[in-house]
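Student: File upload-v9.txt follows (compact mmCIF, C-alpha atoms):
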```
# COMPACT_ATOMS: atom_id res chain seq x y z
CA MET T 5 21.67 37.05 -36.30
CA LEU T 6 17.99 37.14 -35.40
CA SER T 7 15.32 36.78 -38.08
CA SER T 8 12.76 39.50 -38.74
CA THR T 9 10.12 37.37 -37.00
CA GLU T 10 12.31 37.00 -33.92
CA LEU T 11 13.03 40.73 -33.86
CA SER T 12 9.33 41.48 -34.16
CA LYS T 13 8.63 39.30 -31.11
CA LEU T 14 11.25 41.16 -29.11
CA ASN T 15 9.74 44.51 -30.06
CA GLU T 16 6.24 43.36 -29.09
CA VAL T 17 7.37 42.58 -25.55
CA ASN T 18 9.87 45.44 -25.17
CA TYR T 19 12.96 43.28 -24.84
CA ARG T 20 16.42 44.26 -26.03
CA GLU T 21 18.01 42.27 -28.83
CA ASP T 22 21.54 42.81 -27.54
CA ARG T 23 20.67 41.30 -24.15
CA LEU T 24 19.27 38.17 -25.76
CA GLU T 25 22.58 37.85 -27.57
CA ALA T 26 24.31 38.42 -24.22
CA LEU T 27 22.30 35.57 -22.70
CA ASN T 28 23.41 33.16 -25.41
CA HIS T 29 27.00 34.31 -24.97
CA PHE T 30 26.73 33.86 -21.19
CA TYR T 31 25.52 30.28 -21.56
CA GLU T 32 28.16 29.44 -24.15
CA ASP T 33 30.80 30.82 -21.81
CA LEU T 34 29.53 28.58 -18.98
CA CYS T 35 29.92 25.60 -21.29
CA ASN T 36 33.39 26.65 -22.43
CA LYS T 37 34.48 27.01 -18.80
CA LYS T 38 32.96 23.59 -18.01
CA VAL T 39 30.57 25.00 -15.46
CA ALA T 40 27.71 23.54 -17.50
CA ASP T 41 27.36 20.86 -20.15
CA GLY T 42 24.63 22.78 -21.96
CA TYR T 43 21.57 24.99 -21.67
CA ILE T 44 17.94 25.35 -22.68
CA TYR T 45 15.77 28.40 -22.02
CA SER T 46 12.38 29.91 -22.81
CA LEU T 47 11.29 33.48 -22.11
CA SER T 48 7.79 34.94 -22.21
CA ARG T 49 6.31 38.33 -21.45
CA TYR T 50 2.66 39.39 -21.35
CA GLY T 51 1.80 35.71 -21.88
CA LYS T 52 3.77 35.46 -25.17
CA ILE T 53 6.85 33.31 -25.63
CA PHE T 54 9.36 35.53 -27.39
CA ALA T 55 12.65 33.65 -27.13
CA ASN T 56 13.86 30.05 -27.05
CA GLY T 57 17.41 28.79 -27.12
CA ALA T 58 19.47 25.68 -26.56
CA GLY T 59 23.04 24.47 -26.92
CA GLY T 60 25.64 22.14 -25.52
CA ARG T 61 25.64 18.40 -24.93
CA PHE T 62 22.54 16.24 -24.58
CA SER T 63 24.52 13.77 -22.46
CA TYR T 64 26.90 14.00 -19.50
CA GLU T 65 29.43 12.10 -21.65
CA GLU T 66 32.14 14.46 -22.86
CA ASP T 67 32.53 12.67 -26.19
CA SER T 68 28.82 12.94 -26.96
CA ASP T 69 28.01 14.88 -30.13
CA GLN T 70 24.23 14.97 -29.62
CA GLU T 71 23.05 18.49 -28.73
CA LEU T 72 20.37 19.78 -26.42
CA LYS T 73 17.32 21.19 -28.22
CA THR T 74 14.53 23.49 -27.10
CA ASP T 75 12.17 20.49 -26.92
CA THR T 76 14.56 18.24 -24.97
CA ILE T 77 12.85 16.70 -21.95
CA PHE T 78 14.60 16.83 -18.57
CA ARG T 79 13.83 15.94 -14.99
CA ILE T 80 12.52 19.09 -13.33
CA ALA T 81 13.33 17.81 -9.82
CA SER T 82 11.92 20.15 -7.17
CA ILE T 83 9.97 22.31 -9.61
CA THR T 84 7.59 19.37 -9.14
CA LYS T 85 6.79 20.90 -5.75
CA LEU T 86 4.96 23.78 -7.46
CA PHE T 87 2.63 21.26 -9.11
CA THR T 88 2.09 19.54 -5.77
CA ALA T 89 1.30 22.87 -4.12
CA THR T 90 -1.13 23.69 -6.94
CA ALA T 91 -2.90 20.36 -6.39
CA ILE T 92 -3.20 21.11 -2.66
CA TRP T 93 -4.68 24.53 -3.46
CA GLN T 94 -7.16 22.92 -5.85
CA LEU T 95 -8.38 20.78 -2.97
CA ALA T 96 -8.65 23.91 -0.84
CA ASP T 97 -10.66 25.61 -3.62
CA ASP T 98 -13.03 22.64 -3.46
CA GLY T 99 -13.38 22.93 0.31
CA GLU T 100 -11.74 19.56 0.92
CA ILE T 101 -8.90 20.94 3.06
CA PHE T 102 -7.66 24.23 4.53
CA MET T 103 -4.11 25.44 5.02
CA GLY T 104 -4.23 25.68 8.81
CA GLN T 105 -5.59 22.16 9.08
CA PRO T 106 -3.53 19.78 11.24
CA VAL T 107 -2.00 17.01 9.15
CA SER T 108 -3.01 14.62 11.94
CA SER T 109 -6.66 15.12 10.98
CA ILE T 110 -5.86 13.44 7.64
CA LEU T 111 -2.88 11.18 8.31
CA PRO T 112 -2.99 9.28 11.61
CA GLU T 113 0.81 8.95 11.71
CA PHE T 114 0.97 12.64 12.66
CA ASP T 115 -1.40 12.18 15.60
CA ALA T 116 1.53 11.76 17.99
CA ASP T 117 4.05 14.03 19.68
CA PRO T 118 5.90 16.06 18.50
CA PHE T 119 4.03 16.09 15.16
CA LYS T 120 0.53 17.15 16.26
CA PRO T 121 1.05 20.92 15.71
CA ILE T 122 2.12 20.46 12.06
CA THR T 123 -0.35 21.87 9.54
CA ILE T 124 -0.60 21.63 5.77
CA ALA T 125 0.82 25.16 5.62
CA HIS T 126 3.92 24.07 7.53
CA LEU T 127 4.57 21.33 4.97
CA LEU T 128 4.09 23.73 2.05
CA THR T 129 6.49 26.30 3.53
CA HIS T 130 9.22 23.95 4.84
CA THR T 131 8.60 25.10 8.41
CA SER T 132 7.37 21.80 9.91
CA GLY T 133 10.76 20.82 11.31
CA ILE T 134 10.56 17.28 9.91
CA ALA T 135 13.24 15.48 7.89
CA PRO T 136 15.54 18.11 6.34
CA ASP T 137 17.03 17.06 3.00
CA HIS T 138 20.43 15.41 3.15
CA GLY T 139 23.15 18.05 2.90
CA THR T 140 21.03 20.95 4.15
CA ILE T 141 22.51 20.78 7.65
CA SER T 142 26.01 20.29 8.98
CA ASP T 143 25.60 17.04 10.87
CA THR T 144 28.04 14.22 10.18
CA TYR T 145 25.74 11.55 11.62
CA TYR T 146 22.44 12.83 10.25
CA LYS T 147 20.24 10.24 8.56
CA SER T 148 17.62 11.50 6.12
CA ALA T 149 14.00 10.36 5.95
CA TRP T 150 14.95 8.16 3.01
CA TRP T 151 17.42 6.22 5.14
CA TYR T 152 14.69 5.43 7.65
CA ILE T 153 12.28 4.53 4.85
CA TYR T 154 14.52 2.27 2.78
CA GLU T 155 16.97 0.93 5.34
CA SER T 156 14.60 -0.01 8.16
CA GLU T 157 11.96 -2.71 8.37
CA LEU T 158 9.44 -0.04 9.41
CA GLY T 159 9.71 1.49 5.94
CA LYS T 160 8.14 -1.59 4.37
CA GLU T 161 5.31 -1.51 6.88
CA ASN T 162 4.57 2.24 6.96
CA TRP T 163 6.81 4.65 5.04
CA ILE T 164 5.28 7.74 6.72
CA LYS T 165 6.07 6.45 10.21
CA ALA T 166 9.55 5.48 9.05
CA GLY T 167 10.19 8.93 7.59
CA LEU T 168 9.11 10.55 10.84
CA SER T 169 11.50 8.41 12.88
CA TYR T 170 14.05 11.21 13.03
CA GLY T 171 11.59 13.38 14.94
CA ILE T 172 11.73 17.12 14.35
CA ARG T 173 14.75 19.37 13.96
CA PHE T 174 13.23 22.46 15.61
CA PRO T 175 9.91 23.54 17.13
CA VAL T 176 7.18 23.64 14.50
CA GLY T 177 6.92 26.94 12.63
CA THR T 178 10.05 28.57 14.08
CA GLN T 179 12.53 28.05 11.24
CA TRP T 180 12.78 27.38 7.51
CA MET T 181 14.46 24.08 6.63
CA TYR T 182 14.08 22.48 3.22
CA SER T 183 12.20 19.18 3.41
CA SER T 184 11.37 17.24 0.26
CA PHE T 185 9.90 14.58 2.54
CA GLY T 186 7.28 17.14 3.59
CA TYR T 187 6.15 17.38 -0.05
CA VAL T 188 6.00 13.61 -0.33
CA VAL T 189 3.69 13.71 2.68
CA LEU T 190 1.59 16.27 0.79
CA GLY T 191 1.30 13.62 -1.93
CA ALA T 192 -0.05 11.23 0.69
CA ILE T 193 -2.60 13.89 1.70
CA ILE T 194 -3.73 14.25 -1.93
CA GLU T 195 -4.19 10.48 -2.15
CA LYS T 196 -6.05 10.29 1.16
CA ILE T 197 -8.48 13.09 0.25
CA THR T 198 -9.13 12.15 -3.38
CA GLY T 199 -8.70 8.39 -3.34
CA VAL T 200 -6.48 8.85 -6.40
CA ILE T 201 -2.71 8.32 -6.67
CA ALA T 202 -1.15 11.77 -6.29
CA GLU T 203 0.76 11.59 -9.57
CA ASP T 204 -2.42 10.68 -11.46
CA TYR T 205 -4.32 13.51 -9.77
CA ILE T 206 -1.68 16.05 -10.84
CA MET T 207 -1.63 14.72 -14.40
CA ASP T 208 -5.43 14.73 -14.75
CA ASN T 209 -6.13 18.06 -13.04
CA ILE T 210 -3.13 20.21 -13.93
CA VAL T 211 -0.87 18.78 -16.64
CA LYS T 212 -3.47 17.58 -19.15
CA PRO T 213 -5.81 20.60 -18.85
CA LEU T 214 -2.81 22.86 -19.58
CA GLY T 215 -1.92 20.85 -22.69
CA MET T 216 1.51 19.95 -21.31
CA THR T 217 2.07 17.03 -23.68
CA ASP T 218 5.73 16.51 -22.77
CA THR T 219 5.24 16.49 -18.99
CA PHE T 220 4.87 13.33 -16.92
CA PHE T 221 5.95 11.26 -13.94
CA ASP T 222 6.05 7.87 -15.71
CA ILE T 223 8.28 8.03 -18.79
CA PRO T 224 6.48 6.98 -22.00
CA PRO T 225 8.85 4.65 -23.90
CA GLU T 226 8.35 6.67 -27.10
CA LYS T 227 9.71 9.79 -25.37
CA ALA T 228 12.63 8.19 -23.54
CA GLY T 229 15.00 9.13 -26.37
CA ARG T 230 14.28 12.84 -25.83
CA ILE T 231 15.26 12.88 -22.15
CA ALA T 232 18.62 14.49 -21.34
CA ILE T 233 21.08 11.92 -19.98
CA ARG T 234 22.84 12.80 -16.74
CA SER T 235 24.38 9.50 -15.61
CA GLU T 236 25.40 6.06 -16.85
CA GLU T 237 22.58 4.53 -14.81
CA ALA T 238 20.03 6.84 -16.46
CA LYS T 239 21.46 6.07 -19.90
CA GLU T 240 21.05 2.32 -19.42
CA TYR T 241 17.54 2.70 -18.02
CA LEU T 242 16.36 4.98 -20.83
CA GLN T 243 17.77 2.57 -23.41
CA LYS T 244 15.76 -0.25 -21.84
CA LEU T 245 12.63 1.88 -22.09
CA GLN T 246 13.32 2.67 -25.76
CA ASN T 247 13.99 -0.98 -26.54
CA GLY T 248 10.71 -2.06 -24.94
CA GLU T 249 12.48 -4.18 -22.32
CA ILE T 250 10.54 -2.50 -19.53
CA THR T 251 8.14 0.39 -18.99
CA ASP T 252 8.59 3.05 -16.32
CA GLU T 253 5.14 2.17 -14.97
CA GLU T 254 6.13 -1.50 -14.65
CA GLN T 255 9.31 -0.52 -12.86
CA ARG T 256 7.38 1.54 -10.32
CA SER T 257 4.80 -1.21 -9.76
CA GLU T 258 7.59 -3.57 -8.75
CA GLU T 259 8.92 -1.24 -6.06
CA GLU T 260 8.41 -2.68 -2.61
CA ILE T 261 7.96 0.73 -1.00
CA LYS T 262 5.79 3.20 -2.91
CA THR T 263 6.16 6.84 -1.97
CA PRO T 264 4.55 9.64 -4.03
CA GLY T 265 6.80 11.39 -6.56
CA THR T 266 5.44 14.76 -5.42
CA GLY T 267 8.77 15.98 -4.03
CA GLY T 268 10.66 15.89 -7.32
CA GLY T 269 9.61 13.14 -9.74
CA MET T 270 8.39 15.02 -12.82
CA TYR T 271 9.86 15.46 -16.30
CA SER T 272 9.06 18.35 -18.63
CA THR T 273 10.32 20.84 -21.23
CA VAL T 274 10.90 24.57 -20.99
CA ASN T 275 7.92 25.36 -23.20
CA ASP T 276 5.58 23.07 -21.26
CA LEU T 277 6.68 24.78 -18.04
CA GLN T 278 5.88 28.12 -19.67
CA LYS T 279 2.24 27.03 -19.87
CA PHE T 280 2.20 26.32 -16.15
CA GLY T 281 3.94 29.63 -15.41
CA ILE T 282 1.56 31.61 -17.62
CA MET T 283 -1.37 30.01 -15.79
CA LEU T 284 -0.01 31.26 -12.46
CA LEU T 285 0.75 34.70 -13.91
CA ASN T 286 -2.86 34.82 -15.18
CA HIS T 287 -4.23 34.15 -11.67
CA GLY T 288 -5.03 30.50 -12.31
CA GLU T 289 -6.43 30.81 -15.84
CA TYR T 290 -4.98 29.42 -19.07
CA GLU T 291 -6.58 29.81 -22.50
CA GLY T 292 -10.05 30.22 -21.05
CA GLY T 293 -9.83 27.36 -18.57
CA HIS T 294 -9.34 27.66 -14.82
CA ILE T 295 -6.82 25.55 -12.94
CA LEU T 296 -6.92 27.58 -9.71
CA SER T 297 -8.99 30.41 -8.31
CA ARG T 298 -7.54 33.91 -8.41
CA MET T 299 -7.62 34.05 -4.62
CA ALA T 300 -5.73 30.75 -4.31
CA VAL T 301 -2.92 32.02 -6.53
CA GLN T 302 -2.86 35.29 -4.61
CA LYS T 303 -2.56 33.52 -1.26
CA MET T 304 -0.14 30.91 -2.56
CA THR T 305 2.33 33.50 -3.86
CA LYS T 306 2.29 35.82 -0.84
CA ARG T 307 4.75 35.57 2.02
CA PHE T 308 3.49 33.05 4.57
CA ASN T 309 5.53 34.32 7.49
CA SER T 310 4.96 37.96 8.46
CA GLU T 311 8.02 38.05 10.69
CA LYS T 312 11.62 37.06 10.01
CA LEU T 313 11.95 33.33 9.48
CA PRO T 314 15.53 32.16 10.16
CA ASN T 315 17.11 29.78 7.69
CA TYR T 316 20.07 27.62 8.69
CA ALA T 317 19.97 25.34 5.64
CA TRP T 318 23.12 25.17 3.50
CA GLY T 319 25.02 27.37 5.95
CA ASP T 320 22.75 30.41 5.66
CA GLY T 321 23.39 31.24 9.32
CA GLY T 322 19.87 32.26 10.29
CA ALA T 323 19.20 34.70 7.43
CA ASP T 324 15.54 35.50 6.76
CA ARG T 325 13.88 33.20 4.21
CA PRO T 326 10.64 34.60 2.78
CA TYR T 327 8.46 31.82 1.45
CA GLY T 328 4.99 31.40 0.00
CA LEU T 329 2.54 28.54 0.41
CA GLY T 330 4.35 26.65 -2.34
CA PRO T 331 6.78 28.99 -4.15
CA ASP T 332 10.10 30.48 -3.08
CA LEU T 333 10.03 34.27 -2.63
CA ARG T 334 13.70 35.07 -2.05
CA TYR T 335 14.55 38.66 -2.84
CA ASN T 336 17.97 40.00 -1.89
CA GLU T 337 21.13 41.72 -3.13
CA SER T 338 21.82 38.88 -5.57
CA THR T 339 18.44 38.91 -7.33
CA SER T 340 17.56 41.09 -10.32
CA TYR T 341 13.86 40.41 -10.64
CA SER T 342 11.05 42.49 -9.11
CA GLU T 343 10.00 42.20 -5.52
CA GLY T 344 7.01 39.85 -5.46
CA THR T 345 8.57 37.44 -7.95
CA PHE T 346 7.89 33.78 -7.13
CA PHE T 347 9.73 30.73 -8.37
CA HIS T 348 11.16 27.31 -7.73
CA GLU T 349 14.44 25.69 -8.64
CA GLY T 350 15.07 22.04 -9.41
CA TRP T 351 18.36 20.98 -7.85
CA GLY T 352 19.71 24.34 -8.95
CA SER T 353 20.03 23.14 -12.55
CA CYS T 354 16.58 24.25 -13.69
CA SER T 355 14.21 27.05 -12.69
CA LEU T 356 10.76 28.46 -13.31
CA VAL T 357 10.62 32.17 -12.39
CA VAL T 358 7.48 34.32 -12.58
CA ASP T 359 7.82 38.11 -12.23
CA PRO T 360 4.25 39.48 -11.97
CA VAL T 361 5.43 43.12 -11.97
CA GLU T 362 7.20 42.84 -15.33
CA GLN T 363 4.94 39.98 -16.49
CA LEU T 364 8.07 38.09 -17.41
CA ILE T 365 8.48 34.31 -17.09
CA ALA T 366 11.86 32.65 -17.44
CA VAL T 367 12.38 28.90 -17.61
CA TRP T 368 15.78 27.33 -17.98
CA TYR T 369 17.71 24.10 -17.69
CA ILE T 370 21.46 24.14 -17.08
CA PRO T 371 22.94 20.67 -16.51
CA PHE T 372 26.02 21.26 -14.37
CA HIS T 373 29.31 19.74 -15.48
CA LYS T 374 29.88 16.55 -13.48
CA ASN T 375 26.77 17.57 -11.49
CA ILE T 376 28.76 20.15 -9.50
CA TRP T 377 26.48 23.03 -8.47
CA ASP T 378 27.67 26.53 -9.34
CA GLY T 379 25.88 29.71 -8.26
CA ARG T 380 27.05 31.64 -11.33
CA ALA T 381 24.62 29.67 -13.44
CA ILE T 382 21.67 30.64 -11.24
CA PHE T 383 22.34 34.27 -10.35
CA GLY T 384 24.06 35.04 -13.65
CA THR T 385 21.05 33.78 -15.59
CA ASN T 386 18.72 35.99 -13.57
CA ASN T 387 20.93 39.03 -14.03
CA VAL T 388 21.31 38.67 -17.81
CA ILE T 389 17.65 37.86 -18.52
CA TRP T 390 16.23 40.72 -16.47
CA SER T 391 18.78 43.18 -17.92
CA GLY T 392 16.95 42.95 -21.27
CA LEU T 393 13.73 44.60 -20.06
CA GLU T 394 12.91 47.98 -21.53
```
What would you get if you wrote out this structure as structure tokens?
Tutor:
Amino acid sequence: MLSSTELSKLNEVNYREDRLEALNHFYEDLCNKKVADGYIYSLSRYGKIFANGAGGRFSYEEDSDQELKTDTIFRIASITKLFTATAIWQLADDGEIFMGQPVSSILPEFDADPFKPITIAHLLTHTSGIAPDHGTISDTYYKSAWWYIYESELGKENWIKAGLSYGIRFPVGTQWMYSSFGYVVLGAIIEKITGVIAEDYIMDNIVKPLGMTDTFFDIPPEKAGRIAIRSEEAKEYLQKLQNGEITDEEQRSEEEIKTPGTGGGMYSTVNDLQKFGIMLLNHGEYEGGHILSRMAVQKMTKRFNSEKLPNYAWGDGGADRPYGLGPDLRYNESTSYSEGTFFHEGWGSCSLVVDPVEQLIAVWYIPFHKNIWDGRAIFGTNNVIWSGLE
């Protein structure tokens, strides 16, 4: 039963009470069917958060009795890419770079065939042809960029050269193929242009100005106990952080090969991500401060490719993949949101979705049971949330 305050919030944003109850039921059903171990969500409309919810297990361990809460911190995985794209657009706002600029003009490793035609825009839109993520293509003998980086001597000498060792999968700009390595390269661009470590740049110029106090790359020991546990390895590591045996920053400093965490290294909460989403919905502004220009957000969230862009990742068979200069723009028979909605998922288990037509932002985290991806959690969540709009 919702309180009078909660009902008032729903009325203010024209959202149906019964559909919020349906959302909670949907998530509980996913947990009961062992599709998910738990759920956290936050919904806002017109810039106002009107619903938060959480349930299920904090840990992957089935005998765990600790529950997820609305302020639980989790790894946002590839939602990090939206922050990286925002940082790149900030540099464009400052005249430091432009989207059609060849990467070779910034990083000398790209000044060689077949990489010379690759631009910053190609990296942002996953159309460069370099280093598809492992599992995106059906190739038994495929080795990802990370294999070349960490398993070859070249990786210790120059991780960018090592990551490019595979070459390109297709001619530049002719296909869509998901490449987290491309976003790590964008981190290298940020560092080259600013002289600042990419993670620090994102924290200082995006995260802190938005007041995202539970968002970070390096885990503060005092917040390690609030991070959802998804593996035995993570559990042991987080316990070491809590016990003061090591800091996340120390751990990173000891790494022999240092690649930017700009492809998927951030942690956050659903309510912190709402602040970032509201900023984008408000054309780059948040509580009187500007993170991006209105024109940057407009360009960033529009379709990059005017013609059909075939996608063969994950067995899509050449279907068109509309994409912005940072966000995903998929809109098809399985989506319930408005055309023009932009978003990003994080390994499927978390999402930030911004619908500018309805001015609705949905953020959720659904840790899959035994880390087995299930499309019902993604498309079902969209369907139930958007069914509550009046």
Student: List the spatial neighbours of stretch 333-349 of chain T as a PyMOL selection string - criterion: any atom at most 10 Å away, all atoms listed in the file, same-chain residues fewer than 3 positions off excluded.
Tutor: chain T and resi 80-86+281+284-285+304-308+324-330+352-369+382-391
Student: So which residues are close to (10.6, 9.3, -26.2), meaning at most 10 Å away in the file's coordinates with only C-alpha atoms counted, and can you show them as a PDB file with C-alpha atoms, in the coordinates of the input?
Tutor:
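Result file follows (selection_1.pdb):
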```pdb
ATOM      1  CA  THR T  76      14.560  18.240 -24.970  1.00  0.00           C
ATOM      2  CA  ILE T  77      12.850  16.700 -21.950  1.00  0.00           C
ATOM      3  CA  ASP T 218       5.730  16.510 -22.770  1.00  0.00           C
ATOM      4  CA  ILE T 223       8.280   8.030 -18.790  1.00  0.00           C
ATOM      5  CA  PRO T 224       6.480   6.980 -22.000  1.00  0.00           C
ATOM      6  CA  PRO T 225       8.850   4.650 -23.900  1.00  0.00           C
ATOM      7  CA  GLU T 226       8.350   6.670 -27.100  1.00  0.00           C
ATOM      8  CA  LYS T 227       9.710   9.790 -25.370  1.00  0.00           C
ATOM      9  CA  ALA T 228      12.630   8.190 -23.540  1.00  0.00           C
ATOM     10  CA  GLY T 229      15.000   9.130 -26.370  1.00  0.00           C
ATOM     11  CA  ARG T 230      14.280  12.840 -25.830  1.00  0.00           C
ATOM     12  CA  ILE T 231      15.260  12.880 -22.150  1.00  0.00           C
ATOM     13  CA  LEU T 242      16.360   4.980 -20.830  1.00  0.00           C
ATOM     14  CA  LEU T 245      12.630   1.880 -22.090  1.00  0.00           C
ATOM     15  CA  GLN T 246      13.320   2.670 -25.760  1.00  0.00           C
TER      16      GLN T 246
END
```
Student: Give me, please, the distance in Å between atom CA of T:Pro118 and atom CA of T:Trp163, quoted to one decimal.
Tutor: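 Between atom CA of T:Pro118 and atom CA of T:Trp163 the gap works out to 17.7 Å.
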Student: For each of T:Asn247, T:Asn162, T:Thr123, T:Thr74, take the minimum atom-to-atom distance to T:Ser272, counting all atoms listed in the file, then give the residue where this is smallest.
Tutor: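 Of T:Asn247, T:Asn162, T:Thr123, T:Thr74, the one nearest T:Ser272, counting all atoms listed in the file, is T:Thr74.
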Student: As an exercise, work out the distance from atom CA of T:Ile201 to atom CA of T:Leu296 in Å and give it to one decimal place.
Tutor: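 Straight-line distance from atom CA of T:Ile201 to atom CA of T:Leu296 works out to 19.9 Å.
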Student: What gap, in Å, lies between atom CA of T:Tyr19 and atom CA of T:Gly392?
Tutor: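 The value is 5.4 Å.
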Student: Find, counting all atoms listed in the file, the residue in T:Ile141, T:Leu214, T:Val176, T:Leu168 that gets nearest to T:Ala125.
Tutor: T:Val176
Student: From the list T:Val274, T:Leu11, T:Val17, T:Ala232, which residue is nearest T:Glu394 when using all atoms listed in the file?
Tutor: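 Using all atoms listed in the file, T:Glu394 sits closest to T:Val17.
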Student: Can you tell me which residues surround T:Val211 at a distance of at most 12 Å, considering all atoms listed in the file, apart from same-chain residues fewer than 2 positions away, and format the answer as a VMD selection string?
Tutor: chain T and resid 84 86 to 88 90 to 91 203 to 209 213 to 221 270 to 272 276 to 281 283 290 295
Student: My list of candidates is T:Ala149, T:Ile134, T:Met299, T:Ala58. Which is closest to T:His29 when distances are computed with all atoms listed in the file?
Tutor: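 Result for the nearest residue to T:His29: T:Ala58.
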Student: Rank nothing, just name the residue among T:Lys212, T:Arg298, T:Gly322, T:Asp222 nearest to T:Asp252, using all atoms listed in the file.
Tutor: T:Asp222
Student: Name the residues in contact with T:Pro371 at a cut-off of 7 Å, using only C-alpha atoms, excluding same-chain residues fewer than 5 positions from it; report them as a compact mmCIF listing (two decimals) with C-alpha atoms, in the coordinates of the input.
Tutor:
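Everything below was put into selection11.txt:
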```
# COMPACT_ATOMS: atom_id res chain seq x y z
CA ALA T 40 27.71 23.54 -17.50
CA ASP T 41 27.36 20.86 -20.15
CA GLY T 42 24.63 22.78 -21.96
CA TYR T 43 21.57 24.99 -21.67
CA SER T 353 20.03 23.14 -12.55
```
Student: Of the candidates T:Ser68, T:Thr273, T:Thr178, T:Ser109, which shows the shortest atom-to-atom distance to T:Pro314, using only C-alpha atoms?
Tutor: T:Thr178
Student: With 4 Å on each side, where is the centre of the axis-aligned box around all listed atoms of stretch 198-217 of chain T, and how long are its edges in Å to one decimal, as AutoDock Vina command-line options?
Tutor:
```
--center_x -3.5 --center_y 15.6 --center_z -13.5 --size_x 19.2 --size_y 22.5 --size_z 28.3
```
Student: Could you name the residues that touch T:Ser7 at 12 Å or less, counting only C-alpha atoms, but leaving out those on the same chain fewer than 4 positions away, as a list in words?
Tutor: Leu11, Ser12, Lys13, Leu14, Glu21 and Ala55 of chain T
Student: Which residues are near T:Asp115? Cut-off 12 Å, all atoms listed in the file, ignore same chain within fewer than 5 positions. Put them as a PyMOL selection string.
Tutor: chain T and resi 106-110+120-123+164-165+168
